[in-house]
file query.cif (mmCIF, C-alpha atoms (C1' of nucleotides))
data_structure
#
loop_
_atom_site.label_atom_id
_atom_site.label_comp_id
_atom_site.auth_asym_id
_atom_site.auth_seq_id
_atom_site.Cartn_x
_atom_site.Cartn_y
_atom_site.Cartn_z
CA MET A 47 32.66 56.15 50.67
CA ASP A 48 35.43 58.05 49.00
CA GLY A 49 38.70 59.78 49.73
CA GLN A 50 39.15 61.81 46.60
CA PRO A 51 41.05 64.97 45.79
CA ALA A 52 39.81 68.29 47.11
CA GLN A 53 37.52 70.19 44.80
CA ASP A 54 35.15 73.12 44.77
CA PRO A 55 33.01 73.75 47.86
CA ALA A 56 29.80 72.61 46.18
CA THR A 57 31.26 69.22 45.38
CA ALA A 58 32.81 68.99 48.81
CA ALA A 59 29.42 69.58 50.42
CA ARG A 60 27.87 66.83 48.33
CA ARG A 61 30.66 64.46 49.10
CA GLU A 62 30.16 65.23 52.76
CA VAL A 63 26.51 64.28 52.38
CA GLY A 64 27.68 60.92 51.07
CA LEU A 65 29.67 60.43 54.25
CA LEU A 66 26.70 61.45 56.38
CA LEU A 67 24.62 58.89 54.57
CA ARG A 68 27.19 56.22 55.27
CA ARG A 69 27.33 57.18 58.93
CA LEU A 70 23.57 56.90 59.13
CA THR A 71 23.60 53.40 57.69
CA VAL A 72 26.20 52.42 60.25
CA GLU A 73 23.99 53.61 63.08
CA LEU A 74 20.89 51.98 61.68
CA ASP A 75 22.87 48.79 61.44
CA ALA A 76 23.84 49.20 65.07
CA VAL A 77 20.17 49.36 65.98
CA SER A 78 19.74 45.93 64.44
CA SER A 79 22.80 44.68 66.28
CA ARG A 80 21.27 45.78 69.50
CA PHE A 81 18.10 43.90 68.70
CA ALA A 82 20.18 40.83 67.91
CA LEU A 83 22.03 41.12 71.19
CA ALA A 84 18.86 41.63 73.18
CA HIS A 85 17.25 38.52 71.73
CA GLY A 86 20.21 36.23 71.31
CA LEU A 87 20.05 36.28 67.53
CA ASN A 88 22.72 36.54 64.90
CA ARG A 89 22.81 39.09 62.09
CA THR A 90 21.17 36.80 59.59
CA ASP A 91 18.31 35.92 61.89
CA VAL A 92 17.54 39.58 62.46
CA ARG A 93 17.66 40.29 58.77
CA ALA A 94 15.24 37.45 58.27
CA LEU A 95 12.82 38.64 60.91
CA VAL A 96 12.91 42.13 59.48
CA ALA A 97 12.21 40.75 56.03
CA VAL A 98 9.19 38.89 57.35
CA MET A 99 8.02 41.99 59.21
CA ASP A 100 8.44 44.12 56.10
CA ALA A 101 6.46 41.67 54.03
CA ALA A 102 3.75 41.56 56.66
CA ARG A 103 3.60 45.34 56.78
CA ARG A 104 2.84 45.52 53.10
CA GLY A 105 0.35 42.71 53.42
CA GLU A 106 2.31 39.95 51.70
CA ALA A 107 3.00 36.56 53.17
CA LEU A 108 6.64 35.66 52.71
CA SER A 109 7.46 32.12 51.63
CA ALA A 110 10.62 30.26 52.53
CA GLY A 111 11.96 30.84 49.06
CA GLY A 112 11.07 34.51 49.21
CA LEU A 113 12.92 34.82 52.47
CA GLY A 114 15.94 33.19 50.90
CA ALA A 115 15.87 35.75 48.12
CA ALA A 116 15.49 38.58 50.61
CA VAL A 117 18.43 37.58 52.77
CA ASP A 118 20.44 35.91 50.02
CA LEU A 119 20.66 32.36 51.31
CA ARG A 120 20.32 29.02 49.54
CA SER A 121 17.40 26.81 50.25
CA ALA A 122 19.24 24.50 52.64
CA SER A 123 20.29 27.49 54.71
CA VAL A 124 16.79 28.88 54.74
CA THR A 125 15.50 25.63 56.12
CA ALA A 126 18.05 25.78 58.91
CA LEU A 127 17.34 29.46 59.50
CA VAL A 128 13.60 28.93 59.78
CA ASP A 129 14.24 25.92 62.02
CA ARG A 130 16.17 28.17 64.39
CA LEU A 131 13.60 30.92 64.43
CA GLU A 132 10.75 28.48 64.77
CA ARG A 133 12.51 26.68 67.60
CA VAL A 134 12.79 29.85 69.66
CA GLY A 135 9.19 30.74 68.85
CA HIS A 136 9.67 33.78 66.64
CA LEU A 137 8.24 32.23 63.49
CA ARG A 138 5.59 29.75 62.44
CA ARG A 139 5.59 27.65 59.30
CA VAL A 140 2.22 27.59 57.57
CA ARG A 141 1.66 25.46 54.51
CA ASP A 142 0.29 27.65 51.73
CA PRO A 143 -3.19 26.30 50.94
CA GLY A 144 -3.04 27.76 47.44
CA ASP A 145 0.22 26.02 46.57
CA ARG A 146 0.99 23.20 48.89
CA ARG A 147 4.64 23.07 47.95
CA ARG A 148 5.14 26.42 49.59
CA VAL A 149 5.65 27.24 53.20
CA THR A 150 4.68 30.72 54.27
CA LEU A 151 6.18 32.29 57.35
CA GLU A 152 4.29 34.07 60.06
CA MET A 153 5.76 35.95 62.96
CA SER A 154 4.64 34.96 66.40
CA GLU A 155 2.86 37.47 68.58
CA SER A 156 5.89 37.78 70.85
CA ALA A 157 8.26 38.40 67.95
CA THR A 158 5.88 40.92 66.44
CA ALA A 159 5.69 42.69 69.76
CA ALA A 160 9.44 42.65 70.22
CA GLY A 161 9.97 44.00 66.72
CA ALA A 162 7.38 46.71 67.18
CA GLU A 163 8.93 47.68 70.47
CA HIS A 164 12.42 47.93 69.07
CA PHE A 165 11.99 49.14 65.51
CA GLY A 166 8.65 50.79 66.01
CA GLY A 167 10.21 52.92 68.69
CA LEU A 168 12.92 53.96 66.31
CA ALA A 169 10.38 54.75 63.59
CA ARG A 170 8.37 56.82 66.03
CA ASP A 171 11.40 58.84 67.09
CA LEU A 172 12.50 59.35 63.51
CA VAL A 173 9.08 60.69 62.57
CA GLU A 174 9.17 62.82 65.67
CA ALA A 175 12.53 64.28 64.68
CA MET A 176 11.15 65.03 61.24
CA ARG A 177 8.67 67.43 62.79
CA ASP A 178 11.51 69.94 62.87
CA TYR A 179 11.24 70.09 59.09
CA SER A 180 8.72 71.94 56.98
CA ASP A 181 6.59 70.03 54.52
CA ASP A 182 8.67 71.47 51.70
CA GLU A 183 11.86 70.29 53.32
CA ILE A 184 10.42 66.83 53.84
CA ALA A 185 9.50 66.78 50.17
CA VAL A 186 13.10 67.60 49.27
CA VAL A 187 14.35 64.82 51.50
CA ALA A 188 11.89 62.36 49.99
CA ARG A 189 13.05 63.25 46.52
CA PHE A 190 16.66 62.93 47.62
CA LEU A 191 16.17 59.50 49.15
CA THR A 192 14.31 58.29 46.08
CA ASP A 193 17.05 59.51 43.76
CA MET A 194 19.85 58.02 45.82
CA THR A 195 18.00 54.74 46.03
CA GLU A 196 17.74 54.72 42.29
CA VAL A 197 21.49 55.26 41.95
CA ALA A 198 22.28 52.59 44.52
CA ALA A 199 19.91 50.13 42.89
CA ARG A 200 21.63 50.66 39.56
CA HIS A 201 24.99 49.88 41.15
CA ALA A 202 23.59 46.95 43.05
CA ARG A 203 22.21 45.16 40.08
CA ALA A 204 23.70 46.10 36.79
CA ALA A 205 27.10 46.04 35.20
CA GLU A 206 29.42 48.94 35.70
CA MET B 940 9.85 50.35 59.59
CA ASP B 941 6.32 50.60 60.91
CA GLY B 942 2.76 49.70 60.05
CA GLN B 943 0.82 52.06 62.21
CA PRO B 944 -2.67 53.51 62.07
CA ALA B 945 -3.48 56.12 59.44
CA GLN B 946 -3.03 59.70 60.55
CA ASP B 947 -2.86 63.20 59.20
CA PRO B 948 -1.14 63.78 55.84
CA ALA B 949 1.89 65.47 57.38
CA THR B 950 2.61 62.47 59.57
CA ALA B 951 1.96 60.12 56.69
CA ALA B 952 4.52 61.94 54.56
CA ARG B 953 7.10 61.66 57.29
CA ARG B 954 6.38 58.03 57.82
CA GLU B 955 6.79 57.52 54.12
CA VAL B 956 10.22 59.12 54.35
CA GLY B 957 11.09 56.52 56.95
CA LEU B 958 10.21 53.82 54.46
CA LEU B 959 12.24 55.50 51.74
CA LEU B 960 15.18 55.57 54.09
CA ARG B 961 14.81 51.90 54.76
CA ARG B 962 14.59 51.12 51.06
CA LEU B 963 17.78 53.07 50.50
CA THR B 964 19.64 51.08 53.14
CA VAL B 965 18.46 47.88 51.48
CA GLU B 966 19.88 48.99 48.14
CA LEU B 967 23.13 50.17 49.65
CA ASP B 968 23.41 46.80 51.31
CA ALA B 969 22.86 45.17 47.95
CA VAL B 970 25.80 47.12 46.58
CA SER B 971 27.98 45.49 49.21
CA SER B 972 26.51 42.11 48.39
CA ARG B 973 27.48 42.59 44.81
CA PHE B 974 31.02 43.41 45.83
CA ALA B 975 31.07 40.27 47.94
CA LEU B 976 29.83 38.16 45.09
CA ALA B 977 32.32 39.67 42.66
CA HIS B 978 35.24 38.92 44.94
CA GLY B 979 34.18 35.69 46.55
CA LEU B 980 33.83 37.22 49.98
CA ASN B 981 31.20 36.80 52.65
CA ARG B 982 29.28 39.63 54.30
CA THR B 983 31.62 39.89 57.24
CA ASP B 984 34.70 40.09 55.08
CA VAL B 985 33.23 42.96 53.10
CA ARG B 986 32.28 44.76 56.27
CA ALA B 987 35.83 44.32 57.46
CA LEU B 988 37.38 45.62 54.26
CA VAL B 989 35.07 48.61 54.30
CA ALA B 990 36.03 49.30 57.92
CA VAL B 991 39.70 49.25 57.00
CA MET B 992 39.03 51.49 54.01
CA ASP B 993 37.06 53.92 56.14
CA ALA B 994 39.83 54.09 58.68
CA ALA B 995 42.38 54.64 55.94
CA ARG B 996 40.30 57.41 54.42
CA ARG B 997 40.35 59.31 57.65
CA GLY B 998 44.03 58.64 58.08
CA GLU B 999 43.87 56.14 60.92
CA ALA B 1000 45.50 52.75 60.91
CA LEU B 1001 43.08 50.13 62.11
CA SER B 1002 44.37 47.50 64.54
CA ALA B 1003 43.05 43.97 64.80
CA GLY B 1004 41.19 44.89 67.94
CA GLY B 1005 39.78 48.00 66.34
CA LEU B 1006 38.51 45.92 63.47
CA GLY B 1007 36.87 43.56 65.90
CA ALA B 1008 35.08 46.47 67.51
CA ALA B 1009 34.03 47.81 64.12
CA VAL B 1010 32.51 44.57 62.89
CA ASP B 1011 31.55 43.19 66.29
CA LEU B 1012 33.64 40.04 66.45
CA ARG B 1013 35.64 38.49 69.28
CA SER B 1014 39.36 38.35 69.05
CA ALA B 1015 39.54 34.72 67.94
CA SER B 1016 37.19 35.48 65.06
CA VAL B 1017 39.17 38.54 64.08
CA THR B 1018 42.29 36.43 63.82
CA ALA B 1019 40.48 34.01 61.53
CA LEU B 1020 38.98 36.88 59.54
CA VAL B 1021 42.32 38.57 59.00
CA ASP B 1022 43.84 35.21 58.12
CA ARG B 1023 41.27 34.82 55.38
CA LEU B 1024 41.72 38.30 53.98
CA GLU B 1025 45.48 38.07 54.18
CA ARG B 1026 45.47 34.69 52.47
CA VAL B 1027 43.65 36.07 49.43
CA GLY B 1028 45.91 39.10 49.41
CA HIS B 1029 43.48 41.84 50.40
CA LEU B 1030 45.13 42.72 53.69
CA ARG B 1031 48.56 42.86 55.22
CA ARG B 1032 49.42 42.53 58.89
CA VAL B 1033 51.95 45.09 60.07
CA ARG B 1034 53.30 45.02 63.58
CA ASP B 1035 52.76 48.45 65.15
CA PRO B 1036 56.23 49.81 65.94
CA GLY B 1037 54.82 52.12 68.60
CA ASP B 1038 53.11 49.29 70.49
CA ARG B 1039 54.48 45.95 69.50
CA ARG B 1040 51.53 44.06 70.91
CA ARG B 1041 49.33 45.54 68.21
CA VAL B 1042 48.88 44.46 64.65
CA THR B 1043 47.74 47.13 62.24
CA LEU B 1044 46.00 46.25 59.04
CA GLU B 1045 46.80 47.65 55.64
CA MET B 1046 44.88 47.06 52.46
CA SER B 1047 46.78 45.74 49.52
CA GLU B 1048 46.97 47.79 46.37
CA SER B 1049 44.66 45.40 44.55
CA ALA B 1050 42.04 45.51 47.28
CA THR B 1051 42.27 49.29 47.45
CA ALA B 1052 41.77 49.46 43.72
CA ALA B 1053 38.86 47.05 43.80
CA GLY B 1054 37.23 49.00 46.59
CA ALA B 1055 37.73 52.30 44.83
CA GLU B 1056 36.35 50.87 41.63
CA HIS B 1057 33.25 49.50 43.29
CA PHE B 1058 32.42 51.95 46.05
CA GLY B 1059 34.17 54.92 44.54
CA GLY B 1060 32.00 54.53 41.48
CA LEU B 1061 28.93 54.57 43.65
CA ALA B 1062 30.15 57.63 45.52
CA ARG B 1063 30.84 59.39 42.26
CA ASP B 1064 27.37 58.67 40.91
CA LEU B 1065 25.73 59.71 44.16
CA VAL B 1066 27.55 63.03 44.09
CA GLU B 1067 26.61 63.37 40.46
CA ALA B 1068 22.94 62.80 41.25
CA MET B 1069 23.17 65.41 43.97
CA ARG B 1070 23.90 68.05 41.35
CA ASP B 1071 20.17 68.14 40.70
CA TYR B 1072 19.82 69.80 44.09
CA SER B 1073 20.47 73.38 45.02
CA ASP B 1074 22.98 74.18 47.71
CA ASP B 1075 20.12 75.04 50.04
CA GLU B 1076 18.48 71.72 49.38
CA ILE B 1077 21.74 69.88 50.01
CA ALA B 1078 22.04 71.74 53.29
CA VAL B 1079 18.57 70.55 54.27
CA VAL B 1080 19.49 66.98 53.42
CA ALA B 1081 22.72 67.23 55.40
CA ARG B 1082 20.83 68.47 58.42
CA PHE B 1083 18.28 65.71 57.98
CA LEU B 1084 20.89 62.96 57.78
CA THR B 1085 22.68 64.33 60.81
CA ASP B 1086 19.49 64.46 62.84
CA MET B 1087 18.39 60.98 61.86
CA THR B 1088 21.83 59.63 62.65
CA GLU B 1089 21.57 61.15 66.07
CA VAL B 1090 18.23 59.46 66.67
CA ALA B 1091 19.49 56.13 65.39
CA ALA B 1092 22.62 56.36 67.51
CA ARG B 1093 20.51 56.95 70.59
CA HIS B 1094 18.50 53.83 69.84
CA ALA B 1095 21.58 51.83 69.00
CA ARG B 1096 23.35 52.47 72.24
CA ALA B 1097 21.19 53.47 75.11
CA ALA B 1098 18.26 52.07 76.98
CA GLU B 1099 14.80 52.65 75.64
"C1'" DG C 996 64.90 49.31 87.18
"C1'" DG C 997 62.23 45.65 88.33
"C1'" DC C 998 57.46 43.44 89.20
"C1'" DG C 999 52.66 42.74 89.00
"C1'" DA C 1000 48.71 43.94 86.52
"C1'" DT C 1001 46.76 44.98 82.14
"C1'" DA C 1002 46.16 44.88 77.18
"C1'" DG C 1003 46.56 42.90 72.39
"C1'" DT C 1004 46.89 38.99 69.56
"C1'" DC C 1005 47.03 34.18 68.65
"C1'" DT C 1006 46.02 28.88 69.17
"C1'" DC C 1007 42.97 25.25 70.01
"C1'" DG C 1008 38.80 22.66 70.12
"C1'" DA C 1009 33.74 23.05 70.23
"C1'" DT C 1010 29.60 24.89 68.26
"C1'" DC C 1011 26.86 27.20 64.97
"C1'" DT C 1012 26.02 28.59 59.90
"C1'" DT C 1013 26.05 27.93 55.17
"C1'" DC C 1014 26.23 25.23 51.26
"C1'" DG C 1015 25.83 21.68 47.20
"C1'" DA C 1016 23.68 17.67 45.87
"C1'" DG C 1017 19.92 15.13 45.74
"C1'" DA C 1018 15.14 13.31 47.43
"C1'" DG C 1019 10.20 13.97 47.90
"C1'" DA C 1020 6.07 16.34 47.15
"C1'" DT C 1021 3.18 19.43 44.43
"C1'" DC C 1022 1.86 22.06 40.50
"C1'" DA C 1023 1.04 23.53 35.40
"C1'" DG C 1024 0.35 22.24 30.70
"C1'" DG C 1025 -0.38 19.47 27.24
"C1'" DC D 106 -2.67 11.18 33.38
"C1'" DC D 107 2.41 12.14 32.22
"C1'" DT D 108 6.32 15.18 32.11
"C1'" DG D 109 8.95 18.77 33.39
"C1'" DA D 110 9.36 22.49 36.51
"C1'" DT D 111 9.07 24.41 41.25
"C1'" DC D 112 9.39 24.39 46.26
"C1'" DT D 113 11.07 22.68 50.49
"C1'" DC D 114 13.66 19.49 53.12
"C1'" DT D 115 17.61 16.06 54.50
"C1'" DC D 116 22.29 14.93 54.72
"C1'" DG D 117 27.13 15.43 55.14
"C1'" DA D 118 30.98 18.64 54.31
"C1'" DA D 119 33.11 23.11 54.59
"C1'" DG D 120 33.27 27.65 56.63
"C1'" DA D 121 32.65 31.06 60.45
"C1'" DT D 122 32.39 32.32 65.32
"C1'" DC D 123 33.33 31.72 69.96
"C1'" DG D 124 35.30 30.92 74.93
"C1'" DA D 125 39.23 29.69 77.33
"C1'" DG D 126 43.75 30.02 77.83
"C1'" DA D 127 48.82 30.96 76.23
"C1'" DC D 128 52.14 34.29 75.12
"C1'" DT D 129 54.25 38.73 74.51
"C1'" DA D 130 54.50 43.67 75.21
"C1'" DT D 131 53.30 47.73 77.83
"C1'" DC D 132 52.19 50.50 81.82
"C1'" DG D 133 52.03 52.01 86.64
"C1'" DC D 134 53.92 51.72 90.92
"C1'" DC D 135 57.14 51.23 94.21
#
call {"tool": "encode", "arguments": {"input": "query.cif", "output": "structure tokens"}}
result
Amino acid sequence: MDGQPAQDPATAARREVGLLLRRLTVELDAVSSRFALAHGLNRTDVRALVAVMDAARRGEALSAGGLGAAVDLRSASVTALVDRLERVGHLRRVRDPGDRRRVTLEMSESATAAGAEHFGGLARDLVEAMRDYSDDEIAVVARFLTDMTEVAARHARAAE
Amino acid sequence: MDGQPAQDPATAARREVGLLLRRLTVELDAVSSRFALAHGLNRTDVRALVAVMDAARRGEALSAGGLGAAVDLRSASVTALVDRLERVGHLRRVRDPGDRRRVTLEMSESATAAGAEHFGGLARDLVEAMRDYSDDEIAVVARFLTDMTEVAARHARAAE
DNA sequence: GGCGATAGTCTCGATCTTCGAGAGATCAGG
DNA sequence: CCTGATCTCTCGAAGATCGAGACTATCGCC
């Protein structure tokens, strides 16, 4: 994430936090890899399933187009992707009754269970590990994550 | 990251932090996507360049095999990957003089500059945003990231 | 100091993924 | 109703990944 000149200790500590953050993302990515390996899926397919799970968690039904936006694939690739996931029984296509051009995607019971098992277990253990922190500390962490997300989002979308 | 039953406020706050963490990883991923788009690379290629950069930052020279381990590709795919990146001038193959079976990978000046511009800018702004936090708060965050990484690593590698 | 076993990379052909272009169906607004 | 826009799908081409096997270099052992 960097490799800059040495500076004062305060800056060094903050730069170190940047590296810790990067290391964490690497490990979280590895958790997904493991899920992929366990279920014979590729990276994209896992990203797609997670996107559908995320949408489901917040009560939205994801459409094919929405999935494409989430995983950054063109429509032809989304069709192929959903074909794959439907073929192995992880996803169902359901025509949207409100707009019959759309296809909404639903996870199968088995895929939901597998996802809950794998990622739910991680979430549980993360929450468990957070019990070592006071409520004030958790509040600091929440603020930190929000702020860093804001910075990252700015870099992700806008010009430099 | 979950979708569990409602519980006490303390648990809810910690679960919320899990979601914030996930949102942050999504945005950080989007930063990579933007780099990919800007340079006509695919996801894997960016991951590979970042792996080489990371290795360089900590003073190690990454070999072809090491890169394969880092991005989880078989040797044939690594050859193709390095071919691509070498063809567009981002990478150089250098025969390791110490072990002439190995090929070590070096980033070109232009790729190094592009990486520094893109990811270095992010790192700079992240560190900048961290100035809103006291040293004690940064220490809490560092501990938090370390602990979460440990949990994630356990899930990434071992049995459940 | 030579010989077999091992390790690191590459080549080749097969398979899987992604894409652009365009077709077909559905919707929204006049 | 038309017309233009939106959503998904089909098709064929290009790109990415892989397993098997070749080739070279190294290491351990005698």
call {"tool": "interface_residues", "arguments": {"input": "query.cif", "of": "chain A", "to": "chain B", "cutoff": "6 Å", "atoms": "only C-alpha atoms", "output": "tab-separated table (two decimals) with C-alpha atoms, keeping the file's coordinate frame"}}
result
chain	number	residue	atom	x	y	z
A	47	MET	CA	32.66	56.15	50.67
A	48	ASP	CA	35.43	58.05	49.00
A	49	GLY	CA	38.70	59.78	49.73
A	60	ARG	CA	27.87	66.83	48.33
A	63	VAL	CA	26.51	64.28	52.38
A	70	LEU	CA	23.57	56.90	59.13
A	73	GLU	CA	23.99	53.61	63.08
A	74	LEU	CA	20.89	51.98	61.68
A	76	ALA	CA	23.84	49.20	65.07
A	77	VAL	CA	20.17	49.36	65.98
A	103	ARG	CA	3.60	45.34	56.78
A	166	GLY	CA	8.65	50.79	66.01
A	169	ALA	CA	10.38	54.75	63.59
A	173	VAL	CA	9.08	60.69	62.57
A	187	VAL	CA	14.35	64.82	51.50
A	188	ALA	CA	11.89	62.36	49.99
A	195	THR	CA	18.00	54.74	46.03
A	198	ALA	CA	22.28	52.59	44.52
A	199	ALA	CA	19.91	50.13	42.89
A	202	ALA	CA	23.59	46.95	43.05
call {"tool": "resolve_selection", "arguments": {"input": "query.cif", "expression": "the PyMOL selection byres ((chain A and resi 136-146) around 10)", "output": "ChimeraX atom specification"}}
result
/A:95,98,107,109-110,128-135,147-158,160 /C:1020-1022 /D:112
call {"tool": "interface_residues", "arguments": {"input": "query.cif", "of": "chain B", "to": "chain D", "cutoff": "10 Å", "atoms": "only C-alpha atoms (C1' of nucleotides)", "output": "PyMOL selection string"}}
result
chain B and resi 981+983+1012-1017+1019-1020+1038-1041
call {"tool": "closest_atom_pairs", "arguments": {"input": "query.cif", "of": "chain C", "to": "chain B", "cutoff": "8 Å", "atoms": "all atoms listed in the file", "output": "Markdown table"}}
result
| residue | atom | partner | partner_atom | distance |
| --- | --- | --- | --- | --- |
| C:DG1003 | C1' | B:Arg1040 | CA | 5.3 |
| C:DT1004 | C1' | B:Arg1040 | CA | 7.0 |
| C:DC1005 | C1' | B:Thr1018 | CA | 7.1 |
call {"tool": "axis_aligned_box", "arguments": {"input": "query.cif", "around": "segment 105-109 of chain A", "padding_each_side": "8 Å", "output": "lines of an AutoDock Vina configuration file"}}
result
center_x = 3.9
center_y = 37.4
center_z = 52.5
size_x = 23.1
size_y = 26.6
size_z = 17.8
call {"tool": "atom_distance", "arguments": {"input": "query.cif", "atom1": "atom CA of Val117 of chain A", "atom2": "atom CA of Leu1001 of chain B"}}
result
29.2 Å
call {"tool": "atom_distance", "arguments": {"input": "query.cif", "atom1": "atom CA of Ala94 of chain A", "atom2": "atom CA of Ala115 of chain A"}}
result
10.3 Å
call {"tool": "atom_distance", "arguments": {"input": "query.cif", "atom1": "atom CA of His85 of chain A", "atom2": "atom CA of Leu113 of chain A"}}
result
20.1 Å
call {"tool": "build_atoms", "arguments": {"input": "query.cif", "residues": "segment 89-105 of chain A", "atoms": "N, CA, C and O atoms", "output": "compact mmCIF listing (two decimals), in the frame of the given file"}}
result
# COMPACT_ATOMS: atom_id res chain seq x y z
N ARG A 89 23.16 38.09 63.10
CA ARG A 89 22.81 39.09 62.09
C ARG A 89 21.80 38.57 61.09
O ARG A 89 20.84 39.25 60.74
N THR A 90 22.05 37.38 60.62
CA THR A 90 21.17 36.80 59.59
C THR A 90 19.75 36.64 60.12
O THR A 90 18.77 36.97 59.43
N ASP A 91 19.64 36.15 61.33
CA ASP A 91 18.31 35.92 61.89
C ASP A 91 17.54 37.23 61.99
O ASP A 91 16.34 37.28 61.70
N VAL A 92 18.22 38.29 62.38
CA VAL A 92 17.54 39.58 62.46
C VAL A 92 17.12 40.06 61.08
O VAL A 92 15.99 40.52 60.89
N ARG A 93 18.02 39.91 60.13
CA ARG A 93 17.66 40.29 58.77
C ARG A 93 16.43 39.53 58.31
O ARG A 93 15.54 40.09 57.66
N ALA A 94 16.38 38.27 58.66
CA ALA A 94 15.24 37.45 58.27
C ALA A 94 13.96 37.93 58.94
O ALA A 94 12.92 38.09 58.28
N LEU A 95 14.02 38.17 60.22
CA LEU A 95 12.82 38.64 60.91
C LEU A 95 12.34 39.97 60.34
O LEU A 95 11.14 40.18 60.15
N VAL A 96 13.28 40.84 60.05
CA VAL A 96 12.91 42.13 59.48
C VAL A 96 12.27 41.94 58.11
O VAL A 96 11.29 42.61 57.77
N ALA A 97 12.80 41.01 57.35
CA ALA A 97 12.21 40.75 56.03
C ALA A 97 10.78 40.26 56.17
O ALA A 97 9.89 40.68 55.42
N VAL A 98 10.55 39.38 57.14
CA VAL A 98 9.19 38.89 57.35
C VAL A 98 8.29 40.02 57.83
O VAL A 98 7.15 40.16 57.36
N MET A 99 8.81 40.84 58.72
CA MET A 99 8.02 41.99 59.21
C MET A 99 7.68 42.93 58.06
O MET A 99 6.55 43.40 57.94
N ASP A 100 8.68 43.23 57.24
CA ASP A 100 8.44 44.12 56.10
C ASP A 100 7.36 43.58 55.19
O ASP A 100 6.47 44.33 54.76
N ALA A 101 7.46 42.29 54.90
CA ALA A 101 6.46 41.67 54.03
C ALA A 101 5.08 41.78 54.67
O ALA A 101 4.09 42.12 54.01
N ALA A 102 5.04 41.51 55.96
CA ALA A 102 3.75 41.56 56.66
C ALA A 102 3.18 42.97 56.61
O ALA A 102 1.99 43.17 56.39
N ARG A 103 4.06 43.96 56.78
CA ARG A 103 3.60 45.34 56.78
C ARG A 103 2.93 45.70 55.47
O ARG A 103 1.92 46.39 55.44
N ARG A 104 3.50 45.20 54.37
CA ARG A 104 2.84 45.52 53.10
C ARG A 104 1.87 44.44 52.68
O ARG A 104 1.49 44.34 51.51
N GLY A 105 1.46 43.62 53.65
CA GLY A 105 0.35 42.71 53.42
C GLY A 105 0.67 41.46 52.63
O GLY A 105 -0.24 40.73 52.23
